[in-house]
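Inspection log for the structure reproduced underneath, given as structure tokens.
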Amino acid sequence: MTADPADDTRTRILRAALDLFAEHGYQRTSLRQIGERLRLTKTAILYHFPAKEHLLAALIEPLLADLERLLDATQGQPTEQARWTVLEGWVDVMLAHRRPLGMLYHDIALVGRGDTYHRLITIAMRANDVIAGPDAGRRERVRAVQAVAACSDPIVFFTDVPDEVLRADMLDGVRRLLAPPPTDAAAPPPLSAAAGPHANAGAGPHADAAAGARTELAAGPRGTTTVPASARETPAPGTGRDAAPRNTTPATPSDAAGGAAGRRRRPGRPPALGREQVEAARRMHAAGTHSVDAIAAALGVSRATVYRHLTTQ
């Protein structure tokens with residue numbers, strides 16, 4: 001059976017558009033450039049795609065269709081089975097569309113608020129509902145949104161990691177995120193006199209294990225609490241704390257507690273970026289579609305960290 005020439009031309013246009021968008025970015029690629037690569041006139045391009053935005057929408061159509069089929073397949077499944085059907089299938093779909101997804105990451109907002117935009121929102125909401133489960137509370141719904149992000153964002157930031165390795169890492173992270181808190185966890189030790197009766201008041205009744213650990217670091221010293229290595233601030237060479245002479249006077253318990261609190265690093269942001277994250281940050285900055293604030297928020301680091309890596313290329 002002979003392929004329809006019109007369909008073949010449309011496919012060629014999409015393939016050329018994807019290559020040029022990847023090379024130059026969506027905004028810096030013109031319909032004339034696409035036509036020149038295919039030896040077609042701009043009018044011929046416009047016959048199949050009345051505007052450049054239609055090219056972008058057509059490139060993500062296969063991704064949207066696969067996600068919709070995935071969500072349709074969960075209908076009638078038990079809650080837990082449906083949850084993991086979505087999570088594992090979501091990762092597989094994202095990996096299958098890895099190249100266009102990575103290229104369109106910076107340009108997907110340009111789709112506008114038409115049918116494609118509404119489909120994206122509907123797909124995300126359906127996935128959140130399935131993962132959270134029926135009668136989900138606030139905590140379960142927050143975790144569901146986080147789980148969808150964990151099954152999507154690493155595709156963009158870890159472009160050099162093989163599919164099978166990245167898939168295993170992503171699903172391992174989601175399992176840890178959604179794991180129920182241990183039921184036999186030991187009760188926290190009583191507050192010391194130095195900590196005061198309200199030191200842990202901000203933890204809240206719904207804090208999970210990770211949030212509880214962060215709250216404990218921020219709330220103030222307990223009688224026997226030690227600071228994890230990952231939460232200690234490492235001083236830079238030549239800073240005031242390194243240069244200051246050591247105090248040889250034996251420290252009292254209250255001094256030791258106060259010193260530990262002073263050495264605690266504010267938790268929540270990693271001190272540096274990995275190689276893949278540095279490359280992602282530089283791509284986002286070079287594309288001109290993200291501010292330094294937006295890059296820092298996406299990578300979970302401070303603006304100073306982003307600036308440091310952008311200026312040491």
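A note on labels: chains of the structure tokens are A, B, ... as shown, every chain counts residues from 1, and ligands are counted from 1 in their shown order.
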Discussion item. With only C-alpha atoms as the counted atoms, please give the residues lying no more than 12 Å from A:Asp160, apart from itself and same-chain residues fewer than 2 positions off, as a list in words.
Written reply: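 In the requested form, the answer reads Arg98, Arg99, Gly102, Pro154, Ile155, Val156, Phe157, Phe158, Pro162, Asp163, Glu164, Val165, Leu166, Arg275, Glu276, Gln277, Glu279 and Ala280 of chain A.
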Discussion item. What does the structure give for the distance between atom CA of A:Asp66 and atom CA of A:Val93, in Å to one decimal?
Written reply: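 Distance between the two atoms: 6.8 Å.
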Fill in: Spatial neighbours of stretch 138-149 of chain A, 6 Å, only C-alpha atoms, chain gap at least 6 places, as a VMD selection string
chain A and resid 128 131 to 132 174
Can you spit out the residues from that selection as a compact mmCIF listing (two decimals), in the first residue's frame, using N, CA, C and O atoms?
```
# COMPACT_ATOMS: atom_id res chain seq x y z
N ASN A 128 -3.18 12.84 38.85
CA ASN A 128 -3.14 13.16 40.29
C ASN A 128 -4.25 12.43 41.04
O ASN A 128 -4.02 11.92 42.15
N ILE A 131 -3.42 8.60 41.33
CA ILE A 131 -2.31 8.33 42.25
C ILE A 131 -2.72 8.61 43.69
O ILE A 131 -2.37 7.86 44.60
N ALA A 132 -3.45 9.68 43.92
CA ALA A 132 -3.87 10.01 45.29
C ALA A 132 -4.87 8.99 45.83
O ALA A 132 -4.85 8.66 47.02
N VAL A 174 10.09 7.42 43.56
CA VAL A 174 8.64 7.50 43.77
C VAL A 174 8.20 6.55 44.88
O VAL A 174 7.35 6.87 45.70
```
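The residue that comes closest to A:Pro100, out of A:Ala272, A:Ala57, A:Leu299, A:Ile45 and on the basis of only C-alpha atoms, is A:Ala57.
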Worksheet item: With distances taken over only C-alpha atoms, which of A:Trp84, A:Tyr307, A:Tyr26, A:Tyr117 is nearest to A:Leu56?
Response: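 Comparing A:Trp84, A:Tyr307, A:Tyr26, A:Tyr117 against A:Leu56, the winner is A:Tyr26.
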Item to complete: Skip stretch 78-82 of chain A itself and residues of its chain fewer than 4 positions away, then list as a ChimeraX atom specification all residues within 12 Å of it, counting only C-alpha atoms.
Response: /A:70-74,86-90,126-136,178
Residues from last step as file, N, CA and C atoms, as a PDB file, in the first residue's frame:
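Output (result_20.pdb):
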```
ATOM      1  N   LEU A  70      -2.935   5.628  28.573  1.00  0.00           N
ATOM      2  CA  LEU A  70      -2.472   5.067  29.845  1.00  0.00           C
ATOM      3  C   LEU A  70      -3.516   5.271  30.941  1.00  0.00           C
ATOM      4  N   LEU A  71      -4.047   6.467  31.044  1.00  0.00           N
ATOM      5  CA  LEU A  71      -5.043   6.753  32.083  1.00  0.00           C
ATOM      6  C   LEU A  71      -6.337   5.985  31.830  1.00  0.00           C
ATOM      7  N   ASP A  72      -6.723   5.845  30.567  1.00  0.00           N
ATOM      8  CA  ASP A  72      -7.935   5.067  30.246  1.00  0.00           C
ATOM      9  C   ASP A  72      -7.778   3.614  30.685  1.00  0.00           C
ATOM     10  N   ALA A  73      -6.549   3.083  30.616  1.00  0.00           N
ATOM     11  CA  ALA A  73      -6.317   1.676  30.959  1.00  0.00           C
ATOM     12  C   ALA A  73      -6.496   1.394  32.447  1.00  0.00           C
ATOM     13  N   THR A  74      -6.490   2.429  33.292  1.00  0.00           N
ATOM     14  CA  THR A  74      -6.615   2.207  34.743  1.00  0.00           C
ATOM     15  C   THR A  74      -8.062   2.117  35.192  1.00  0.00           C
ATOM     16  N   VAL A  86      -0.264   3.801  36.513  1.00  0.00           N
ATOM     17  CA  VAL A  86      -0.012   5.177  36.065  1.00  0.00           C
ATOM     18  C   VAL A  86       1.455   5.550  36.264  1.00  0.00           C
ATOM     19  N   LEU A  87       1.994   5.283  37.445  1.00  0.00           N
ATOM     20  CA  LEU A  87       3.361   5.719  37.743  1.00  0.00           C
ATOM     21  C   LEU A  87       4.386   5.048  36.820  1.00  0.00           C
ATOM     22  N   GLU A  88       4.313   3.726  36.705  1.00  0.00           N
ATOM     23  CA  GLU A  88       5.267   3.024  35.850  1.00  0.00           C
ATOM     24  C   GLU A  88       5.033   3.348  34.377  1.00  0.00           C
ATOM     25  N   GLY A  89       3.768   3.414  33.985  1.00  0.00           N
ATOM     26  CA  GLY A  89       3.466   3.745  32.594  1.00  0.00           C
ATOM     27  C   GLY A  89       3.850   5.167  32.243  1.00  0.00           C
ATOM     28  N   TRP A  90       3.695   6.080  33.203  1.00  0.00           N
ATOM     29  CA  TRP A  90       4.057   7.486  32.963  1.00  0.00           C
ATOM     30  C   TRP A  90       5.548   7.599  32.662  1.00  0.00           C
ATOM     31  N   ARG A 126      -6.138  14.149  36.008  1.00  0.00           N
ATOM     32  CA  ARG A 126      -6.555  12.738  36.052  1.00  0.00           C
ATOM     33  C   ARG A 126      -5.478  11.880  36.715  1.00  0.00           C
ATOM     34  N   ALA A 127      -4.220  12.122  36.340  1.00  0.00           N
ATOM     35  CA  ALA A 127      -3.129  11.349  36.937  1.00  0.00           C
ATOM     36  C   ALA A 127      -3.039  11.591  38.438  1.00  0.00           C
ATOM     37  N   ASN A 128      -3.180  12.845  38.851  1.00  0.00           N
ATOM     38  CA  ASN A 128      -3.138  13.156  40.286  1.00  0.00           C
ATOM     39  C   ASN A 128      -4.245  12.429  41.043  1.00  0.00           C
ATOM     40  N   ASP A 129      -5.439  12.382  40.453  1.00  0.00           N
ATOM     41  CA  ASP A 129      -6.573  11.730  41.118  1.00  0.00           C
ATOM     42  C   ASP A 129      -6.333  10.224  41.269  1.00  0.00           C
ATOM     43  N   VAL A 130      -5.805   9.595  40.224  1.00  0.00           N
ATOM     44  CA  VAL A 130      -5.575   8.150  40.291  1.00  0.00           C
ATOM     45  C   VAL A 130      -4.499   7.829  41.323  1.00  0.00           C
ATOM     46  N   ILE A 131      -3.417   8.602  41.325  1.00  0.00           N
ATOM     47  CA  ILE A 131      -2.313   8.331  42.252  1.00  0.00           C
ATOM     48  C   ILE A 131      -2.717   8.610  43.689  1.00  0.00           C
ATOM     49  N   ALA A 132      -3.453   9.675  43.922  1.00  0.00           N
ATOM     50  CA  ALA A 132      -3.872  10.008  45.290  1.00  0.00           C
ATOM     51  C   ALA A 132      -4.868   8.985  45.834  1.00  0.00           C
ATOM     52  N   GLY A 133      -5.735   8.464  44.968  1.00  0.00           N
ATOM     53  CA  GLY A 133      -6.722   7.487  45.414  1.00  0.00           C
ATOM     54  C   GLY A 133      -8.011   8.155  45.869  1.00  0.00           C
ATOM     55  N   PRO A 134      -9.066   7.372  46.022  1.00  0.00           N
ATOM     56  CA  PRO A 134     -10.351   7.939  46.449  1.00  0.00           C
ATOM     57  C   PRO A 134     -10.286   8.461  47.881  1.00  0.00           C
ATOM     58  N   ASP A 135     -11.051   9.510  48.136  1.00  0.00           N
ATOM     59  CA  ASP A 135     -11.136  10.101  49.487  1.00  0.00           C
ATOM     60  C   ASP A 135      -9.764  10.516  50.014  1.00  0.00           C
ATOM     61  N   ALA A 136      -8.901  10.960  49.127  1.00  0.00           N
ATOM     62  CA  ALA A 136      -7.556  11.355  49.548  1.00  0.00           C
ATOM     63  C   ALA A 136      -7.605  12.677  50.311  1.00  0.00           C
ATOM     64  N   LEU A 178       6.211   7.692  48.288  1.00  0.00           N
ATOM     65  CA  LEU A 178       4.860   7.235  48.627  1.00  0.00           C
ATOM     66  C   LEU A 178       4.841   6.165  49.714  1.00  0.00           C
TER      67      LEU A 178
END
```
Fill in: Shell around A:Leu55 at 8 Å using only C-alpha atoms, local window under 4 positions removed, as a ChimeraX atom specification
/A:14,17,49,51,59
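You can rank A:Asp153, A:Glu68, A:Asp169, A:Asp92 by their closest distance to A:Met125 using only C-alpha atoms, and at the top of that list sits A:Glu68.
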Fill in: Point-to-point distance from atom CA of A:Gly300 to atom CA of A:Pro181, Å rounded to tenths
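Distance between the two atoms: 24.5 Å.
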Discussion item. Give me, as JSON, numbers by chain, the residues of stretch 55-150 of chain A that a backbone DSSP run labels helix (DSSP H, G or I).
Written reply: {"A": [55, 56, 57, 58, 59, 60, 61, 62, 63, 64, 65, 66, 67, 68, 69, 70, 71, 72, 73, 79, 80, 81, 82, 83, 84, 85, 86, 87, 88, 89, 90, 91, 92, 93, 94, 95, 96, 98, 99, 100, 101, 102, 103, 104, 108, 109, 110, 111, 115, 116, 117, 118, 119, 120, 121, 122, 123, 124, 125, 126, 127, 128, 129, 130, 131, 132, 138, 139, 140, 141, 142, 143, 144, 145, 146, 147, 148, 149, 150]}
Worksheet item: In Å, with one decimal, what is the gap from atom CA of A:His285 to atom CA of A:Gln33?
Response: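 If I compute the distance from atom CA of A:His285 to atom CA of A:Gln33, I get 23.8 Å.
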Write out as an mmCIF file with N, CA and C atoms, in the first residue's frame the residues lying within 12 Å of A:Ile13, counting only C-alpha atoms and excluding same-chain residues fewer than 4 positions away.
```cif
data_model
loop_
_atom_site.group_PDB
_atom_site.id
_atom_site.type_symbol
_atom_site.label_atom_id
_atom_site.label_comp_id
_atom_site.auth_asym_id
_atom_site.auth_seq_id
_atom_site.Cartn_x
_atom_site.Cartn_y
_atom_site.Cartn_z
ATOM 1 N N ALA A 6 0.484 13.469 0.908
ATOM 2 C CA ALA A 6 0.223 14.575 1.828
ATOM 3 C C ALA A 6 0.690 14.222 3.230
ATOM 4 N N ASP A 7 0.387 12.980 3.664
ATOM 5 C CA ASP A 7 0.810 12.541 4.987
ATOM 6 C C ASP A 7 2.333 12.483 5.069
ATOM 7 N N ASP A 8 2.984 12.041 3.967
ATOM 8 C CA ASP A 8 4.429 11.937 3.973
ATOM 9 C C ASP A 8 5.068 13.330 4.088
ATOM 10 N N THR A 9 4.517 14.307 3.374
ATOM 11 C CA THR A 9 5.032 15.675 3.459
ATOM 12 C C THR A 9 4.843 16.222 4.864
ATOM 13 N N ALA A 17 11.111 20.172 11.585
ATOM 14 C CA ALA A 17 10.842 21.154 12.631
ATOM 15 C C ALA A 17 11.451 20.711 13.956
ATOM 16 N N LEU A 18 11.319 19.433 14.285
ATOM 17 C CA LEU A 18 11.887 18.927 15.527
ATOM 18 C C LEU A 18 13.405 19.094 15.535
ATOM 19 N N ASP A 19 14.060 18.795 14.420
ATOM 20 C CA ASP A 19 15.519 18.951 14.347
ATOM 21 C C ASP A 19 15.924 20.413 14.508
ATOM 22 N N LEU A 20 15.228 21.316 13.837
ATOM 23 C CA LEU A 20 15.589 22.733 13.893
ATOM 24 C C LEU A 20 15.253 23.345 15.252
ATOM 25 N N PHE A 21 14.144 22.935 15.835
ATOM 26 C CA PHE A 21 13.823 23.438 17.176
ATOM 27 C C PHE A 21 14.893 22.997 18.170
ATOM 28 N N LEU A 31 9.547 29.497 9.798
ATOM 29 C CA LEU A 31 8.958 28.586 8.811
ATOM 30 C C LEU A 31 9.795 28.565 7.529
ATOM 31 N N ARG A 32 10.434 29.682 7.204
ATOM 32 C CA ARG A 32 11.288 29.724 6.018
ATOM 33 C C ARG A 32 12.456 28.756 6.148
ATOM 34 N N GLN A 33 13.065 28.689 7.355
ATOM 35 C CA GLN A 33 14.174 27.754 7.561
ATOM 36 C C GLN A 33 13.720 26.311 7.398
ATOM 37 N N ILE A 34 12.533 26.007 7.928
ATOM 38 C CA ILE A 34 11.999 24.646 7.792
ATOM 39 C C ILE A 34 11.781 24.322 6.322
ATOM 40 N N GLY A 35 11.204 25.280 5.574
ATOM 41 C CA GLY A 35 10.981 25.067 4.154
ATOM 42 C C GLY A 35 12.273 24.879 3.383
ATOM 43 N N GLU A 36 13.296 25.681 3.727
ATOM 44 C CA GLU A 36 14.573 25.566 3.026
ATOM 45 C C GLU A 36 15.223 24.201 3.258
ATOM 46 N N ARG A 37 15.099 23.676 4.456
ATOM 47 C CA ARG A 37 15.691 22.371 4.723
ATOM 48 C C ARG A 37 15.019 21.286 3.890
ATOM 49 N N LEU A 38 13.732 21.442 3.618
ATOM 50 C CA LEU A 38 12.979 20.433 2.867
ATOM 51 C C LEU A 38 12.814 20.797 1.398
ATOM 52 N N ARG A 39 13.339 21.975 0.997
ATOM 53 C CA ARG A 39 13.151 22.482 -0.356
ATOM 54 C C ARG A 39 11.666 22.656 -0.661
ATOM 55 N N LEU A 40 10.971 23.214 0.325
ATOM 56 C CA LEU A 40 9.557 23.543 0.172
ATOM 57 C C LEU A 40 9.388 25.038 0.370
ATOM 58 N N THR A 41 8.337 25.581 -0.211
ATOM 59 C CA THR A 41 8.043 26.990 0.004
ATOM 60 C C THR A 41 7.347 27.178 1.348
ATOM 61 N N LYS A 42 7.383 28.410 1.839
ATOM 62 C CA LYS A 42 6.675 28.720 3.080
ATOM 63 C C LYS A 42 5.184 28.452 2.921
ATOM 64 N N ALA A 44 3.842 26.103 1.189
ATOM 65 C CA ALA A 44 3.622 24.662 1.330
ATOM 66 C C ALA A 44 3.594 24.258 2.803
ATOM 67 N N ILE A 45 4.443 24.895 3.606
ATOM 68 C CA ILE A 45 4.424 24.613 5.048
ATOM 69 C C ILE A 45 3.097 25.047 5.648
ATOM 70 N N LEU A 46 2.648 26.250 5.275
ATOM 71 C CA LEU A 46 1.411 26.800 5.837
ATOM 72 C C LEU A 46 0.181 25.999 5.403
ATOM 73 N N TYR A 47 0.282 25.282 4.306
ATOM 74 C CA TYR A 47 -0.835 24.450 3.869
ATOM 75 C C TYR A 47 -1.113 23.356 4.907
ATOM 76 N N HIS A 48 -0.052 22.799 5.464
ATOM 77 C CA HIS A 48 -0.212 21.732 6.453
ATOM 78 C C HIS A 48 -0.322 22.278 7.884
ATOM 79 N N PHE A 49 0.346 23.387 8.156
ATOM 80 C CA PHE A 49 0.362 23.965 9.496
ATOM 81 C C PHE A 49 0.146 25.469 9.371
ATOM 82 N N LYS A 52 3.043 28.528 13.166
ATOM 83 C CA LYS A 52 4.146 27.763 13.746
ATOM 84 C C LYS A 52 3.717 27.073 15.046
ATOM 85 N N HIS A 54 1.090 25.523 15.536
ATOM 86 C CA HIS A 54 0.480 24.237 15.190
ATOM 87 C C HIS A 54 1.537 23.147 15.060
ATOM 88 N N LEU A 55 2.740 23.527 14.641
ATOM 89 C CA LEU A 55 3.837 22.556 14.593
ATOM 90 C C LEU A 55 4.170 22.064 15.997
ATOM 91 N N LEU A 56 4.249 22.998 16.944
ATOM 92 C CA LEU A 56 4.576 22.625 18.313
ATOM 93 C C LEU A 56 3.504 21.706 18.892
ATOM 94 N N ALA A 58 1.504 19.750 17.225
ATOM 95 C CA ALA A 58 1.546 18.450 16.548
ATOM 96 C C ALA A 58 2.696 17.596 17.063
ATOM 97 N N LEU A 59 3.809 18.219 17.461
ATOM 98 C CA LEU A 59 4.951 17.457 17.952
ATOM 99 C C LEU A 59 4.670 16.802 19.297
#
```
